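K.L.:
So that you have it, the file is input_10.tsv, and it contains TSV, C-alpha atoms and all ligand atoms:
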```tsv
chain	number	residue	atom	x	y	z
A	596	MET	CA	-13.27	-17.43	-1.79
A	597	GLN	CA	-12.52	-15.55	1.45
A	598	LYS	CA	-9.60	-17.10	3.34
A	599	GLU	CA	-9.22	-16.89	7.10
A	600	ASN	CA	-5.74	-15.51	7.50
A	601	ILE	CA	-4.18	-12.49	5.78
A	602	MET	CA	-0.98	-14.55	5.46
A	603	ASP	CA	-2.77	-16.94	3.06
A	604	TYR	CA	-3.26	-14.19	0.46
A	605	ASP	CA	-0.80	-13.16	-2.23
A	606	THR	CA	0.19	-9.52	-1.83
A	607	VAL	CA	0.52	-9.28	-5.62
A	608	ALA	CA	-0.47	-11.79	-8.31
A	609	LEU	CA	-1.07	-12.03	-12.03
A	610	ASP	CA	-4.32	-13.52	-13.30
A	611	GLU	CA	-2.92	-15.00	-16.50
A	612	GLU	CA	-6.28	-15.86	-17.99
A	613	LYS	CA	-7.84	-12.45	-17.57
A	614	ASN	CA	-4.55	-10.56	-17.85
A	615	GLU	CA	-5.21	-8.64	-14.65
A	616	LEU	CA	-3.13	-7.52	-11.71
A	617	VAL	CA	-4.62	-8.89	-8.50
A	618	ILE	CA	-3.71	-7.21	-5.21
A	619	ILE	CA	-4.92	-6.88	-1.64
A	620	ASP	CA	-6.15	-3.30	-1.21
A	621	GLN	CA	-3.89	-2.46	1.73
A	622	THR	CA	-5.69	0.82	2.44
A	623	LYS	CA	-8.62	-1.27	3.76
A	624	LEU	CA	-6.55	-3.35	6.18
A	625	PRO	CA	-6.92	-4.54	8.85
A	626	GLY	CA	-10.69	-3.93	8.86
A	627	LYS	CA	-11.43	-5.58	5.54
A	628	ILE	CA	-9.53	-7.95	3.30
A	629	GLU	CA	-10.51	-6.71	-0.15
A	630	ILE	CA	-8.95	-8.15	-3.27
A	631	ILE	CA	-8.97	-5.84	-6.27
A	632	ARG	CA	-8.23	-6.45	-9.95
A	633	LEU	CA	-6.48	-3.90	-12.15
A	634	LYS	CA	-6.02	-3.71	-15.89
A	635	GLU	CA	-5.84	-0.06	-16.97
A	636	ALA	CA	-2.67	2.03	-16.74
A	637	LYS	CA	-4.38	4.67	-14.59
A	638	GLU	CA	-5.73	2.02	-12.18
A	639	ILE	CA	-2.28	0.51	-11.73
A	640	TRP	CA	-0.65	3.94	-11.31
A	641	ASP	CA	-3.29	4.92	-8.74
A	642	ALA	CA	-2.92	1.67	-6.83
A	643	ILE	CA	0.81	2.34	-6.38
A	644	TYR	CA	0.41	6.06	-5.65
A	645	LEU	CA	-2.45	5.54	-3.18
A	646	LEU	CA	-0.55	2.74	-1.39
A	647	LYS	CA	-3.09	0.03	-2.21
A	648	VAL	CA	0.06	-1.89	-3.03
A	649	ARG	CA	3.13	-0.57	-1.24
A	650	GLY	CA	6.52	-1.50	0.15
A	651	ALA	CA	9.51	-1.35	-2.18
A	652	PRO	CA	9.68	-5.01	-3.35
A	653	ALA	CA	5.89	-5.32	-3.79
A	654	ILE	CA	5.84	-2.10	-5.81
A	655	GLY	CA	8.54	-3.61	-8.07
A	656	VAL	CA	6.59	-6.84	-8.60
A	657	ALA	CA	3.32	-4.94	-9.23
A	658	ALA	CA	5.07	-2.70	-11.76
A	659	ALA	CA	6.58	-5.71	-13.56
A	660	TYR	CA	3.19	-7.42	-13.90
A	661	GLY	CA	1.60	-4.05	-14.63
A	662	ILE	CA	3.85	-3.23	-17.56
A	663	TYR	CA	3.39	-6.74	-18.93
A	664	ILE	CA	-0.42	-6.37	-18.74
A	665	LEU	CA	-0.27	-2.99	-20.48
A	666	ALA	CA	2.15	-4.28	-23.14
A	667	ALA	CA	-0.14	-7.25	-23.83
A	668	GLU	CA	-2.93	-4.80	-24.73
A	669	SER	CA	-0.81	-3.24	-27.46
A	670	SER	CA	-2.07	-3.43	-31.03
A	671	ALA	CA	1.30	-2.41	-32.50
A	672	ASP	CA	2.33	-4.63	-35.40
A	673	THR	CA	5.98	-3.59	-35.72
A	674	TYR	CA	8.72	-3.84	-33.11
A	675	GLU	CA	9.41	-0.10	-33.33
A	676	ALA	CA	5.78	0.83	-32.63
A	677	PHE	CA	5.59	-1.73	-29.81
A	678	TYR	CA	8.77	-0.42	-28.16
A	679	GLU	CA	7.66	3.23	-28.45
A	680	GLU	CA	4.39	2.38	-26.69
A	681	PHE	CA	6.22	0.29	-24.10
A	682	LYS	CA	8.56	3.15	-23.22
A	683	LYS	CA	5.66	5.58	-22.71
A	684	LYS	CA	3.79	3.15	-20.45
A	685	LYS	CA	6.97	2.40	-18.54
A	686	GLU	CA	7.65	6.10	-17.90
A	687	TYR	CA	4.07	6.57	-16.77
A	688	LEU	CA	4.19	3.76	-14.20
A	689	ASN	CA	7.63	4.89	-13.10
A	690	SER	CA	6.22	8.31	-12.19
A	691	SER	CA	3.88	6.89	-9.55
A	692	ARG	CA	6.34	7.02	-6.62
A	693	PRO	CA	9.89	8.40	-6.59
A	694	THR	CA	11.76	6.97	-3.60
A	695	ALA	CA	11.56	3.16	-3.81
A	696	VAL	CA	14.17	2.25	-6.40
A	697	ASN	CA	12.58	-1.18	-6.94
A	698	LEU	CA	10.01	0.52	-9.15
A	699	SER	CA	12.51	1.68	-11.77
A	700	TRP	CA	14.69	-1.40	-11.16
A	701	ALA	CA	11.83	-3.76	-12.11
A	702	LEU	CA	10.68	-1.61	-15.05
A	703	ASN	CA	14.24	-1.37	-16.39
A	704	ARG	CA	14.56	-5.14	-16.17
A	705	MET	CA	11.35	-5.50	-18.18
A	706	GLU	CA	12.58	-2.98	-20.76
A	707	GLN	CA	15.82	-4.92	-21.13
A	708	VAL	CA	13.78	-7.95	-22.20
A	709	VAL	CA	12.13	-5.91	-24.95
A	710	LEU	CA	15.56	-4.72	-26.11
A	711	ASP	CA	17.21	-8.15	-25.94
A	712	LYS	CA	14.38	-9.89	-27.82
A	713	LYS	CA	13.96	-7.34	-30.58
A	714	GLU	CA	14.47	-10.02	-33.28
A	715	LEU	CA	11.38	-11.93	-32.09
A	716	PRO	CA	7.74	-11.32	-33.11
A	717	VAL	CA	5.77	-9.19	-30.63
A	718	ALA	CA	3.77	-12.19	-29.38
A	719	GLU	CA	6.99	-13.94	-28.37
A	720	ILE	CA	8.40	-10.81	-26.73
A	721	LEU	CA	5.22	-10.72	-24.65
A	722	ALA	CA	5.73	-14.32	-23.55
A	723	CYS	CA	9.27	-13.40	-22.44
A	724	LEU	CA	7.95	-10.35	-20.56
A	725	LYS	CA	5.49	-12.50	-18.67
A	726	GLU	CA	8.26	-14.94	-17.70
A	727	GLU	CA	10.51	-12.09	-16.56
A	728	ALA	CA	7.78	-10.61	-14.33
A	729	LYS	CA	7.16	-14.04	-12.80
A	730	GLU	CA	10.89	-14.45	-12.24
A	731	ILE	CA	11.08	-11.04	-10.50
A	732	GLN	CA	8.41	-12.27	-8.11
A	733	ALA	CA	10.01	-15.70	-7.58
A	734	GLU	CA	13.34	-14.00	-6.90
A	735	ASP	CA	11.68	-11.72	-4.36
A	736	ILE	CA	10.60	-14.77	-2.34
A	737	ARG	CA	14.07	-16.38	-2.49
A	738	VAL	CA	15.76	-13.09	-1.61
A	739	CYS	CA	13.51	-12.40	1.39
A	740	LYS	CA	14.15	-15.91	2.72
A	741	ALA	CA	17.93	-15.45	2.41
A	742	ILE	CA	17.69	-12.05	4.18
A	743	GLY	CA	15.75	-13.85	6.92
A	744	GLU	CA	18.54	-16.39	7.41
A	745	TYR	CA	21.27	-13.75	7.59
A	746	GLY	CA	19.13	-11.57	9.84
A	747	LEU	CA	18.44	-14.47	12.18
A	748	SER	CA	22.18	-14.96	12.69
A	749	LEU	CA	22.30	-11.47	14.28
A	750	VAL	CA	19.89	-12.16	17.15
A	751	LYS	CA	19.18	-14.84	19.74
A	752	PRO	CA	16.07	-16.59	21.06
A	753	GLY	CA	13.87	-14.41	23.24
A	754	ASP	CA	15.30	-11.14	21.93
A	755	GLY	CA	13.23	-7.98	21.69
A	756	ILE	CA	13.08	-6.58	18.16
A	757	LEU	CA	11.73	-3.20	17.17
A	758	THR	CA	10.52	-2.47	13.65
A	759	HIS	CA	9.15	0.61	11.91
A	760	CYS	CA	6.59	0.84	9.12
A	761	ASN	CA	5.79	-2.39	7.28
A	762	ALA	CA	8.60	-4.32	5.65
A	763	GLY	CA	6.59	-7.49	6.02
A	764	GLN	CA	4.91	-10.03	3.78
A	765	LEU	CA	2.47	-7.29	2.75
A	766	ALA	CA	5.43	-5.30	1.37
A	767	THR	CA	6.90	-8.24	-0.56
A	768	SER	CA	5.83	-11.53	-2.14
A	769	LYS	CA	6.50	-13.57	1.01
A	770	TYR	CA	8.30	-13.33	4.39
A	771	GLY	CA	9.00	-9.59	4.09
A	772	THR	CA	12.51	-8.23	4.55
A	773	ALA	CA	12.67	-6.87	8.12
A	774	THR	CA	10.11	-9.46	9.23
A	775	ALA	CA	11.83	-12.41	7.51
A	776	PRO	CA	14.16	-13.11	10.48
A	777	ILE	CA	11.13	-12.85	12.76
A	778	TYR	CA	9.07	-15.36	10.74
A	779	LEU	CA	11.97	-17.79	10.32
A	780	GLY	CA	12.79	-17.43	14.03
A	781	GLU	CA	9.17	-18.11	14.93
A	782	GLU	CA	9.26	-21.37	12.93
A	783	ARG	CA	12.39	-22.34	14.88
A	784	GLY	CA	11.10	-21.51	18.35
A	785	TYR	CA	12.99	-18.24	18.90
A	786	HIS	CA	9.92	-16.52	20.35
A	787	PHE	CA	10.97	-12.95	19.73
A	788	ARG	CA	9.13	-10.08	21.43
A	789	VAL	CA	8.43	-7.62	18.64
A	790	PHE	CA	7.63	-3.92	19.05
A	791	ALA	CA	5.86	-2.42	16.04
A	792	ASP	CA	5.95	1.37	15.71
A	793	GLU	CA	2.51	2.58	14.60
A	794	THR	CA	4.21	4.72	11.88
A	795	ARG	CA	2.42	8.02	11.44
A	796	PRO	CA	0.94	9.36	9.27
A	797	LEU	CA	-0.38	6.35	7.34
A	798	LEU	CA	-0.07	3.82	10.16
A	799	GLN	CA	1.59	1.01	8.21
A	800	GLY	CA	2.95	-0.33	11.51
A	801	ALA	CA	-0.40	-0.40	13.28
A	802	ARG	CA	-2.57	-1.42	10.34
A	803	LEU	CA	-0.21	-3.83	8.56
A	804	THR	CA	2.80	-4.97	10.62
A	805	ALA	CA	0.85	-5.52	13.84
A	806	PHE	CA	-1.86	-7.27	11.80
A	807	GLU	CA	0.38	-9.65	9.89
A	808	LEU	CA	2.61	-10.51	12.88
A	809	GLN	CA	-0.40	-11.10	15.11
A	810	SER	CA	-2.04	-13.22	12.39
A	811	SER	CA	1.13	-15.33	12.32
A	812	GLY	CA	1.15	-15.90	16.06
A	813	VAL	CA	4.17	-13.66	16.71
A	814	ASP	CA	4.35	-11.88	20.10
A	815	VAL	CA	3.86	-8.31	18.87
A	816	THR	CA	3.25	-5.14	20.87
A	817	LEU	CA	2.08	-2.01	19.10
A	818	ILE	CA	3.68	1.25	20.26
A	819	CYS	CA	3.28	4.87	19.20
A	820	ASP	CA	6.19	6.35	17.27
A	821	ASN	CA	7.24	8.45	20.25
A	822	MET	CA	7.66	5.40	22.50
A	823	SER	CA	10.79	3.83	20.98
A	824	SER	CA	13.05	5.62	23.46
A	825	SER	CA	10.94	4.41	26.37
A	826	VAL	CA	11.08	0.72	25.36
A	827	MET	CA	14.80	0.92	24.59
A	828	GLN	CA	15.51	2.67	27.89
A	829	LYS	CA	13.82	-0.24	29.66
A	830	GLY	CA	16.17	-2.67	27.89
A	831	TRP	CA	13.35	-4.38	26.01
A	832	VAL	CA	14.91	-4.04	22.56
A	833	ASN	CA	18.01	-5.99	21.49
A	834	ALA	CA	17.94	-5.07	17.82
A	835	VAL	CA	16.09	-2.89	15.32
A	836	PHE	CA	15.22	-4.44	11.97
A	837	VAL	CA	13.78	-2.16	9.30
A	838	GLY	CA	13.33	-2.30	5.55
A	839	CYS	CA	14.34	0.37	3.07
A	840	ASP	CA	13.31	2.06	-0.14
A	841	ARG	CA	16.75	2.97	-1.42
A	842	VAL	CA	20.26	2.43	-0.09
A	843	ALA	CA	22.94	4.77	-1.47
A	844	ALA	CA	26.45	3.58	-2.30
A	845	ASN	CA	27.80	4.95	1.01
A	846	GLY	CA	25.17	3.07	3.06
A	847	ASP	CA	22.86	6.03	3.72
A	848	THR	CA	19.37	4.57	3.67
A	849	ALA	CA	15.95	5.99	2.83
A	850	ASN	CA	13.08	4.31	4.60
A	851	LYS	CA	9.71	5.33	5.98
A	852	ILE	CA	9.67	8.70	7.72
A	853	GLY	CA	10.73	8.24	11.34
A	854	THR	CA	13.32	5.54	10.70
A	855	SER	CA	16.16	8.00	11.26
A	856	VAL	CA	14.62	9.00	14.60
A	857	VAL	CA	14.53	5.35	15.67
A	858	ALA	CA	18.15	4.96	14.53
A	859	ALA	CA	19.29	8.01	16.49
A	860	VAL	CA	17.48	6.78	19.61
A	861	ALA	CA	18.93	3.27	19.15
A	862	ASP	CA	22.41	4.75	18.83
A	863	HIS	CA	21.91	6.44	22.19
A	864	TYR	CA	20.95	3.14	23.84
A	865	LYS	CA	23.61	1.12	21.93
A	866	VAL	CA	20.96	-1.01	20.22
A	867	PRO	CA	22.14	-2.18	16.76
A	868	VAL	CA	20.09	-1.06	13.76
A	869	TYR	CA	19.96	-3.47	10.84
A	870	ILE	CA	18.65	-2.42	7.45
A	871	CYS	CA	17.18	-5.35	5.56
A	872	ALA	CA	17.87	-4.64	1.91
A	873	PRO	CA	17.46	-6.83	-1.14
A	874	THR	CA	20.15	-5.88	-3.69
A	875	SER	CA	17.25	-4.60	-5.84
A	876	THR	CA	16.92	-1.78	-3.29
A	877	ILE	CA	20.61	-0.86	-3.27
A	878	ASP	CA	21.31	1.88	-5.79
A	879	MET	CA	25.04	2.15	-6.41
A	880	ASP	CA	24.34	5.01	-8.86
A	881	THR	CA	23.14	7.16	-5.94
A	882	LYS	CA	26.23	8.32	-4.08
A	883	THR	CA	24.79	9.45	-0.74
A	884	GLY	CA	21.46	9.91	0.99
A	885	ALA	CA	21.46	13.57	-0.05
A	886	ASP	CA	20.94	12.41	-3.66
A	887	ILE	CA	17.80	10.38	-2.85
A	888	LYS	CA	14.54	11.99	-3.94
A	889	ILE	CA	12.17	11.99	-0.98
A	890	GLU	CA	8.50	11.75	-1.87
A	891	GLU	CA	6.27	14.45	-0.38
A	892	ARG	CA	2.64	13.54	0.02
A	893	PRO	CA	-0.65	15.42	0.53
A	894	ALA	CA	-1.16	17.46	3.70
A	895	GLU	CA	-4.43	15.65	4.45
A	896	GLU	CA	-2.47	12.53	5.38
A	897	VAL	CA	-1.24	14.50	8.38
A	898	THR	CA	-4.24	16.71	9.14
A	899	GLU	CA	-7.00	14.10	8.82
A	900	MET	CA	-5.40	10.93	10.16
A	901	TRP	CA	-6.35	7.63	8.61
A	902	TYR	CA	-10.08	7.70	9.20
A	903	LYS	CA	-10.53	11.17	7.69
A	904	GLU	CA	-11.45	12.76	11.01
A	905	ARG	CA	-9.87	16.18	10.96
A	906	MET	CA	-7.72	16.75	14.04
A	907	ALA	CA	-5.63	19.76	13.00
A	908	PRO	CA	-6.77	23.33	12.31
A	909	GLU	CA	-7.97	24.12	8.78
A	910	GLY	CA	-5.26	25.72	6.67
A	911	VAL	CA	-2.36	24.86	8.99
A	912	LYS	CA	1.00	24.62	7.22
A	913	VAL	CA	2.05	20.97	6.89
A	914	TYR	CA	5.31	19.27	5.96
A	915	ASN	CA	4.75	15.63	5.00
A	916	PRO	CA	7.83	13.82	3.68
A	917	ALA	CA	7.05	10.11	3.28
A	918	PHE	CA	10.62	8.94	3.90
A	919	ASP	CA	13.79	10.04	5.62
A	920	VAL	CA	17.43	9.14	5.31
A	921	THR	CA	19.30	7.33	8.05
A	922	ASP	CA	22.97	8.23	8.11
A	923	HIS	CA	25.21	5.22	7.46
A	924	GLU	CA	27.02	5.93	10.73
A	925	LEU	CA	23.88	4.89	12.63
A	926	ILE	CA	23.61	1.56	10.81
A	927	ALA	CA	25.19	-1.57	12.34
A	928	GLY	CA	24.71	-3.66	9.20
A	929	ILE	CA	22.88	-3.91	5.89
A	930	VAL	CA	21.37	-7.37	5.59
A	931	THR	CA	21.19	-8.50	1.96
A	932	GLU	CA	20.51	-11.84	0.28
A	933	TYR	CA	24.30	-12.19	-0.12
A	934	GLY	CA	25.25	-11.55	3.48
A	935	VAL	CA	25.55	-8.69	5.96
A	936	ALA	CA	27.44	-5.62	4.73
A	937	ARG	CA	29.25	-3.65	7.44
A	938	ALA	CA	30.95	-0.25	7.44
A	939	PRO	CA	32.71	0.99	5.41
A	940	TYR	CA	29.75	0.48	3.09
A	941	GLU	CA	31.47	1.86	-0.02
A	942	THR	CA	33.55	-1.31	-0.10
A	943	SER	CA	31.24	-3.85	1.55
A	944	LEU	CA	28.31	-3.07	-0.77
A	945	LYS	CA	30.61	-3.50	-3.78
A	946	GLU	CA	31.60	-6.91	-2.35
A	947	ILE	CA	27.91	-7.83	-2.09
A	948	PHE	CA	27.38	-7.01	-5.79
A	949	LYS	CA	30.52	-8.98	-6.69
A	950	LYS	CA	29.02	-12.02	-4.96
A	951	LYS	CA	25.78	-11.42	-6.87
A	952	GLU	CA	27.61	-11.34	-10.21
A	953	GLU	CA	29.44	-14.57	-9.39
A	954	ASP	CA	26.18	-16.28	-8.41
B	1001	LIG	O1	5.10	4.25	1.89
B	1001	LIG	P1	5.30	2.78	1.98
B	1001	LIG	O2	4.28	2.08	2.82
B	1001	LIG	O3	5.46	2.14	0.62
B	1001	LIG	O4	6.70	2.63	2.73
B	1001	LIG	C1	7.23	1.34	2.91
B	1001	LIG	C2	8.52	1.33	3.63
B	1001	LIG	O5	9.06	2.36	4.00
B	1001	LIG	C3	9.18	-0.01	3.80
B	1001	LIG	O6	9.91	-0.05	4.99
B	1001	LIG	C4	10.12	-0.27	2.61
B	1001	LIG	O7	9.48	-0.03	1.40
B	1001	LIG	C5	10.67	-1.65	2.64
B	1001	LIG	S1	9.46	-2.88	2.31
B	1001	LIG	C6	10.26	-4.37	2.38
```
Just give me the structure of the file as structure tokens.

P.N.:
Amino acid sequence: MQKENIMDYDTVALDEEKNELVIIDQTKLPGKIEIIRLKEAKEIWDAIYLLKVRGAPAIGVAAAYGIYILAAESSADTYEAFYEEFKKKKEYLNSSRPTAVNLSWALNRMEQVVLDKKELPVAEILACLKEEAKEIQAEDIRVCKAIGEYGLSLVKPGDGILTHCNAGQLATSKYGTATAPIYLGEERGYHFRVFADETRPLLQGARLTAFELQSSGVDVTLICDNMSSSVMQKGWVNAVFVGCDRVAANGDTANKIGTSVVAAVADHYKVPVYICAPTSTIDMDTKTGADIKIEERPAEEVTEMWYKERMAPEGVKVYNPAFDVTDHELIAGIVTEYGVARAPYETSLKEIFKKKEED
């Protein structure tokens, strides 16, 4: 049944009876709330690649349910055959997008279950896989809420907050990461004034962030990407909160293309930039931002805009990186579910993981 508010829908869900992945097709938002059901490997791969489901944590949850759904279709009758098939499907899903580390993080967690439960019959391994995928999603909700609490401690009622891309509920299972402090603050009467960058070329800020914040009653103003300097110059922004796709061990952070521009502008105006990062997005095996693989996407995303109206000359050379890296020196803090890491990030991020291990 059609619900009234986008916030009442699950970004990602598992239909346990039909063994299907159920997502909101985010390419149709905000014009149409369309729920789609996926079962085949190619459909799930396409949904991630085409950004029907997007945002690092949501990609991780979709991949976890996706690999479970694909594993459940297996007809293998020995563990070895089952694991061989599993690995192939895992690699396939993992190839859908390269930058958000949550994709491989979630798939590796699912693979670990298969390895740990190798003594069990395949049917029981499947039951464990389903539980693990559900736990990844439940954790995502808890983690986002904790990020919201820590993020909220960095701002005060009435503050102006600027955000880029969509690190909102539509990018996670609930609350979002960069939007979590905003939603929690709203519940507590903080009444933030939020500026949402439209986020060219795929307009996640205009289509998704502005939509979900407005649907939640948050005071949100949509701005073009080239307006962040103007609003900061006027003193309207007290803090920048953004999400991320991968944080390197030194604090360099990959997020949606344009984030590093916002960070450089914010540095100029002495506005603090906070990266909201679940530990699932922090990749201590990646030393610096230079080691992060940046996805490059089709030229048409730039030449045709969202509604497929061509507005650039045919054949023009296009460069279309989907993410960029913000230098750790431009980051005031990395807000995780275990607290706010500050420079030097080499040590503070290790401390965050120590807290996680002790938890
Ligand atoms: O290409 P997208 O829409 O998947 O990019 C999303 C972002 O860059 C988000 O800021 C990031 O994944 C964090 S989502 C909590």

K.L.:
Give the answer as one residue: which of A:Ser875, A:Thr921, A:Ser811, A:Thr758 has the shortest atom-to-atom distance to Ser823 of chain A, using all atoms listed in the file?

P.N.:
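Closest to Ser823 of chain A of all the choices is A:Thr758.
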
K.L.:
Which residues come within 9 Å of segment 764-775 of chain A, counting all atoms listed in the file, excluding same-chain residues fewer than 3 positions away, as a count of residues only?

P.N.:
51

K.L.:
Please indicate the distance in Å from atom CA of Val913 of chain A to atom CA of Ala894 of chain A, rounded to one decimal place.

P.N.:
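These atoms are spaced 5.7 Å apart.
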
K.L.:
May I have the residues within 10 Å of Lys882 of chain A as a PDB file with C-alpha atoms, in the coordinates of the input, using all atoms listed in the file and disregarding those fewer than 6 positions away in the same chain?

P.N.:
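Contents of result-v4.pdb, as written:
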```pdb
ATOM      1  CA  VAL A 842      20.260   2.430  -0.090  1.00  0.00           C
ATOM      2  CA  ALA A 843      22.940   4.770  -1.470  1.00  0.00           C
ATOM      3  CA  ALA A 844      26.450   3.580  -2.300  1.00  0.00           C
ATOM      4  CA  ASN A 845      27.800   4.950   1.010  1.00  0.00           C
ATOM      5  CA  GLY A 846      25.170   3.070   3.060  1.00  0.00           C
ATOM      6  CA  ASP A 847      22.860   6.030   3.720  1.00  0.00           C
ATOM      7  CA  GLU A 941      31.470   1.860  -0.020  1.00  0.00           C
TER       8      GLU A 941
END
```

K.L.:
Counting all atoms listed in the file, which of A:Val696, A:Leu702, A:Ile628, A:Leu944 gets nearest to ligand LIG 1001 (chain B)?

P.N.:
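Ranking A:Val696, A:Leu702, A:Ile628, A:Leu944 by distance to ligand LIG 1001 (chain B), first place goes to A:Val696.
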
K.L.:
For each of A:Asn697, A:Asn821, A:Asn614, A:Thr898, take the minimum atom-to-atom distance to ligand LIG 1001 (chain B), counting only C-alpha atoms and all ligand atoms, then give the residue where this is smallest.

P.N.:
A:Asn697

K.L.:
With distances taken over all atoms listed in the file, which residue among A:Phe677, A:Tyr644, A:Tyr663, A:Tyr933 lies nearest ligand LIG 1001 (chain B)?

P.N.:
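Among the listed residues, the smallest separation from ligand LIG 1001 (chain B) belongs to A:Tyr644.
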
K.L.:
Any idea what the distance is between atom CA of Glu896 of chain A and atom CA of Trp700 of chain A?

P.N.:
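So the two atoms, atom CA of Glu896 of chain A and atom CA of Trp700 of chain A, lie 27.6 Å apart.
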
K.L.:
Could you tell me how far atom CA of His863 of chain A lies from atom CA of Ile926 of chain A, in Å and to one decimal?

P.N.:
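Here the two named atoms are 12.5 Å from each other.
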
K.L.:
Enclose the full set of atoms of ligand LIG 1001 (chain B) listed in the file within a box whose edges lie along x, y and z, apply 5 Å of padding to each of the six sides, and report centre and edge lengths in Å to one decimal as JSON.

P.N.:
```
{"center_x": 7.5, "center_y": -0.1, "center_z": 2.8, "size_x": 16.4, "size_y": 18.6, "size_z": 14.4}
```

K.L.:
Counting only C-alpha atoms, what is within 12 Å of Glu675 of chain A, bar same-chain residues fewer than 6 positions away, as JSON, numbers by chain?

P.N.:
{"A": [681, 682, 709, 710, 713, 714, 716, 717]}

K.L.:
Return the single residue from A:Arg692, A:Arg632, A:Arg704, A:Lys851 that is closest to ligand LIG 1001 (chain B), with distances computed using only C-alpha atoms and all ligand atoms.

P.N.:
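Smallest distance to ligand LIG 1001 (chain B) is found for A:Lys851.
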
K.L.:
Can you work out which one of A:Leu633, A:Met827, A:Leu798, A:Val750 has the shortest atom-to-atom distance to Leu665 of chain A, counting only C-alpha atoms?

P.N.:
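Of A:Leu633, A:Met827, A:Leu798, A:Val750, the one nearest Leu665 of chain A, counting only C-alpha atoms, is A:Leu633.
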
K.L.:
I'd like the contact shell of Ile889 of chain A - 9 Å cut-off, only C-alpha atoms, skipping same-chain residues fewer than 4 positions apart - returned as a count of residues only.

P.N.:
8
